[in-house]
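These notes are about the structure you will find just below.
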Amino acid sequence: MWHKLSHLDARPDQIATGFSIGIVASFLPLNPSPLIVATVVAWLLGRNVMAAVAGATTAILYVPLLPLIWLAEYRLGKLILPVQHPLALDHARLWDVLQKGWDAYAAMFVGSIIIATPVTLLTYLVVKHLAERWARQK
């Protein structure tokens with residue numbers, strides 16, 4: 001993946017922003033795929049779509065942790081939004097959240113933004129640094 005990113009014909013900030021868009025999309029509790037969200041958002045913002053797809057694809061690395069991530073997102077969001085349909089650890093599947101009610105999903109969505117923000121900022125800085133190095137090497 002890094003090899004493909006290093007050969008993209010785009011500015012370092014476009015690559016870094018595209019990759020970061022993919023990271024944000026991978027944290028959002030969306031199904032069927034964060035790839036669709038990342039592609040559309042990157043295209044609308046004029047950022048590198050291939051980098052966004054690469055960022056969203058990194059979600060594969062933490063798929064085993066998704067129930068825990070979704071539960072953390074829910075609990076963080078619940079601190080901000082009122083929730084009438086509480087969840088337990090054994091109900092951390094997204095379908096169960098949607099069956100509980102939209103208030104639980106909204107809390108999860110807000111929590112995902114809270115978790116994704118620092119991860120995305122760090123990712124942006126790292127990928128921009130790497131992309132600048134790749135540009136100097138070309």
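Starting from 1 in every chain, residues are counted up; chains themselves are A, B, ... following the order of the structure tokens, and ligands are numbered from 1 as listed.
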Listing only residues of region 6-37 of chain A within 8 Å of region 123-127 of chain A, what is the closest atom pair and its distance in Å (to one decimal) for each, using only C-alpha atoms, sorted by chain and residue number ascending, as a tab-separated table?
```
residue	atom	partner	partner_atom	distance
A:Ile15	CA	A:Val127	CA	7.5
A:Ala16	CA	A:Val127	CA	5.1
A:Thr17	CA	A:Tyr124	CA	6.3
A:Phe19	CA	A:Tyr124	CA	7.4
A:Ser20	CA	A:Tyr124	CA	5.6
```
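By chain and then residue number, the residues within 12 Å of Ser33 (chain A) are Gly22, Ala25, Ser26, Phe27, Leu28, Ala38, Thr39, Val40, Val53, Ala56, Thr57, Ala59 and Ile60 of chain A, counting only C-alpha atoms and disregarding those fewer than 5 positions away in sequence.
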Could you please take those selected residues and save N, CA and C atoms as a PDB file, in the first residue's frame?
```
ATOM      1  N   GLY A  22     -10.203   8.491   4.526  1.00  0.00           N
ATOM      2  CA  GLY A  22     -10.441   7.056   4.624  1.00  0.00           C
ATOM      3  C   GLY A  22     -10.413   6.559   6.054  1.00  0.00           C
ATOM      4  N   ALA A  25     -13.661   7.611   7.737  1.00  0.00           N
ATOM      5  CA  ALA A  25     -14.754   6.759   7.249  1.00  0.00           C
ATOM      6  C   ALA A  25     -14.702   5.370   7.874  1.00  0.00           C
ATOM      7  N   SER A  26     -13.514   4.872   8.144  1.00  0.00           N
ATOM      8  CA  SER A  26     -13.404   3.532   8.716  1.00  0.00           C
ATOM      9  C   SER A  26     -13.854   3.489  10.173  1.00  0.00           C
ATOM     10  N   PHE A  27     -13.842   4.615  10.862  1.00  0.00           N
ATOM     11  CA  PHE A  27     -14.311   4.655  12.246  1.00  0.00           C
ATOM     12  C   PHE A  27     -15.820   4.866  12.356  1.00  0.00           C
ATOM     13  N   LEU A  28     -16.434   5.421  11.334  1.00  0.00           N
ATOM     14  CA  LEU A  28     -17.868   5.681  11.395  1.00  0.00           C
ATOM     15  C   LEU A  28     -18.637   4.363  11.405  1.00  0.00           C
ATOM     16  N   ALA A  38     -15.650   7.089   1.929  1.00  0.00           N
ATOM     17  CA  ALA A  38     -14.333   7.697   1.699  1.00  0.00           C
ATOM     18  C   ALA A  38     -14.177   8.146   0.254  1.00  0.00           C
ATOM     19  N   THR A  39     -14.609   7.332  -0.677  1.00  0.00           N
ATOM     20  CA  THR A  39     -14.486   7.671  -2.099  1.00  0.00           C
ATOM     21  C   THR A  39     -15.303   8.907  -2.439  1.00  0.00           C
ATOM     22  N   VAL A  40     -16.543   8.935  -2.010  1.00  0.00           N
ATOM     23  CA  VAL A  40     -17.424  10.062  -2.327  1.00  0.00           C
ATOM     24  C   VAL A  40     -16.919  11.357  -1.688  1.00  0.00           C
ATOM     25  N   VAL A  53      -9.233   5.562  -0.428  1.00  0.00           N
ATOM     26  CA  VAL A  53      -9.534   4.133  -0.446  1.00  0.00           C
ATOM     27  C   VAL A  53      -8.486   3.371   0.366  1.00  0.00           C
ATOM     28  N   ALA A  56      -9.273   3.913   4.044  1.00  0.00           N
ATOM     29  CA  ALA A  56     -10.442   3.136   4.477  1.00  0.00           C
ATOM     30  C   ALA A  56     -10.114   1.648   4.535  1.00  0.00           C
ATOM     31  N   THR A  57      -9.225   1.207   3.676  1.00  0.00           N
ATOM     32  CA  THR A  57      -8.850  -0.204   3.648  1.00  0.00           C
ATOM     33  C   THR A  57      -8.061  -0.604   4.889  1.00  0.00           C
ATOM     34  N   ALA A  59      -8.856  -0.242   7.686  1.00  0.00           N
ATOM     35  CA  ALA A  59      -9.816  -0.726   8.692  1.00  0.00           C
ATOM     36  C   ALA A  59      -9.738  -2.237   8.849  1.00  0.00           C
ATOM     37  N   ILE A  60      -9.232  -2.908   7.842  1.00  0.00           N
ATOM     38  CA  ILE A  60      -9.079  -4.364   7.917  1.00  0.00           C
ATOM     39  C   ILE A  60      -8.186  -4.737   9.104  1.00  0.00           C
TER      40      ILE A  60
END
```
Pick from A:Pro64, A:Gly77, A:Pro12, A:Gly18, whichever lies nearest to Ala52 (chain A) using only C-alpha atoms: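 Of A:Pro64, A:Gly77, A:Pro12, A:Gly18, the one nearest Ala52 (chain A), counting only C-alpha atoms, is A:Gly18.
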Non-local contacts of region 114-116 of chain A (8 Å; only C-alpha atoms; under 6 positions in same chain excluded) as a list in words: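 Here the qualifying residues turn out to be Ile23, Val24, Phe27, Glu73 and Leu76 of chain A.
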Alpha helix (DSSP H) positions in chain A, given as a PyMOL selection string: chain A and resi 2-6+12-27+34-45+49-57+66-80+94-100+102-137
Would you save the residues of that selection, restricted to C-alpha atoms, as a short mmCIF file (atom, residue, chain, number, x, y, z; two decimals), in the first residue's frame?
```cif
data_model
loop_
_atom_site.label_atom_id
_atom_site.label_comp_id
_atom_site.auth_asym_id
_atom_site.auth_seq_id
_atom_site.Cartn_x
_atom_site.Cartn_y
_atom_site.Cartn_z
CA TRP A 2 2.79 2.43 0.89
CA HIS A 3 4.51 1.68 -2.40
CA LYS A 4 1.33 2.56 -4.34
CA LEU A 5 0.83 5.73 -2.30
CA SER A 6 4.41 6.80 -2.93
CA PRO A 12 1.52 15.59 -0.40
CA ASP A 13 -1.40 17.40 1.25
CA GLN A 14 -3.86 15.77 -1.18
CA ILE A 15 -2.49 12.32 -0.42
CA ALA A 16 -2.48 12.94 3.35
CA THR A 17 -5.99 14.41 3.34
CA GLY A 18 -7.31 11.59 1.17
CA PHE A 19 -5.80 8.95 3.43
CA SER A 20 -7.19 10.72 6.51
CA ILE A 21 -10.67 10.83 4.96
CA GLY A 22 -10.44 7.06 4.62
CA ILE A 23 -9.42 6.73 8.27
CA VAL A 24 -12.41 8.80 9.43
CA ALA A 25 -14.75 6.76 7.25
CA SER A 26 -13.40 3.53 8.72
CA PHE A 27 -14.31 4.66 12.25
CA PRO A 34 -16.56 2.87 4.58
CA LEU A 35 -14.95 2.64 1.13
CA ILE A 36 -18.02 4.20 -0.46
CA VAL A 37 -18.08 7.07 2.03
CA ALA A 38 -14.33 7.70 1.70
CA THR A 39 -14.49 7.67 -2.10
CA VAL A 40 -17.42 10.06 -2.33
CA VAL A 41 -16.10 12.51 0.28
CA ALA A 42 -12.59 12.58 -1.22
CA TRP A 43 -14.03 13.13 -4.68
CA LEU A 44 -16.34 15.93 -3.47
CA LEU A 45 -13.46 17.66 -1.66
CA VAL A 49 -9.54 9.21 -4.06
CA MET A 50 -6.99 6.38 -4.22
CA ALA A 51 -5.40 7.59 -0.98
CA ALA A 52 -8.87 7.72 0.62
CA VAL A 53 -9.53 4.13 -0.45
CA ALA A 54 -6.15 3.12 1.00
CA GLY A 55 -7.03 4.81 4.30
CA ALA A 56 -10.44 3.14 4.48
CA THR A 57 -8.85 -0.20 3.65
CA LEU A 66 -14.77 -3.49 15.95
CA PRO A 67 -17.19 -4.60 18.68
CA LEU A 68 -14.97 -2.95 21.30
CA ILE A 69 -14.48 0.17 19.19
CA TRP A 70 -18.23 0.46 18.61
CA LEU A 71 -18.90 0.02 22.30
CA ALA A 72 -16.34 2.72 23.14
CA GLU A 73 -17.93 5.00 20.54
CA TYR A 74 -21.35 4.37 22.07
CA ARG A 75 -20.18 5.07 25.60
CA LEU A 76 -18.42 8.30 24.59
CA GLY A 77 -21.43 9.46 22.61
CA LYS A 78 -23.74 8.60 25.51
CA LEU A 79 -21.84 11.14 27.60
CA ILE A 80 -22.94 13.85 25.15
CA LEU A 94 -24.20 -2.78 14.87
CA TRP A 95 -27.49 -4.50 13.99
CA ASP A 96 -28.37 -4.68 17.68
CA VAL A 97 -27.62 -0.97 18.04
CA LEU A 98 -29.94 -0.11 15.17
CA GLN A 99 -32.69 -2.28 16.65
CA LYS A 100 -32.36 -0.49 20.00
CA TRP A 102 -31.70 5.77 16.52
CA ASP A 103 -30.70 7.49 19.77
CA ALA A 104 -28.19 4.71 20.43
CA TYR A 105 -26.89 4.97 16.87
CA ALA A 106 -26.60 8.76 17.13
CA ALA A 107 -24.57 8.38 20.32
CA MET A 108 -22.36 5.88 18.53
CA PHE A 109 -21.91 8.26 15.60
CA VAL A 110 -20.89 11.14 17.88
CA GLY A 111 -18.50 8.86 19.76
CA SER A 112 -16.94 7.74 16.48
CA ILE A 113 -16.14 11.36 15.61
CA ILE A 114 -14.53 11.83 19.02
CA ILE A 115 -12.35 8.73 18.62
CA ALA A 116 -11.54 9.35 14.96
CA THR A 117 -10.40 12.96 15.41
CA PRO A 118 -7.04 12.43 17.18
CA VAL A 119 -6.30 9.29 15.15
CA THR A 120 -6.99 11.19 11.93
CA LEU A 121 -4.86 14.17 12.90
CA LEU A 122 -1.93 11.93 13.75
CA THR A 123 -2.41 9.97 10.54
CA TYR A 124 -2.51 13.17 8.48
CA LEU A 125 0.79 14.37 9.93
CA VAL A 126 2.54 11.03 9.40
CA VAL A 127 1.27 10.51 5.85
CA LYS A 128 2.01 14.12 4.85
CA HIS A 129 5.58 13.75 6.14
CA LEU A 130 5.99 10.51 4.17
CA ALA A 131 4.41 12.01 1.03
CA GLU A 132 6.76 15.01 1.21
CA ARG A 133 9.70 12.63 1.45
CA TRP A 134 8.41 10.65 -1.55
CA ALA A 135 8.02 13.90 -3.53
CA ARG A 136 11.63 14.90 -2.79
CA GLN A 137 12.85 11.48 -3.92
#
```
Point-to-point distance from CA of Tyr62 (chain A) to CA of Asn48 (chain A), Å rounded to tenths: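 Between these atoms lies a distance of 23.2 Å.
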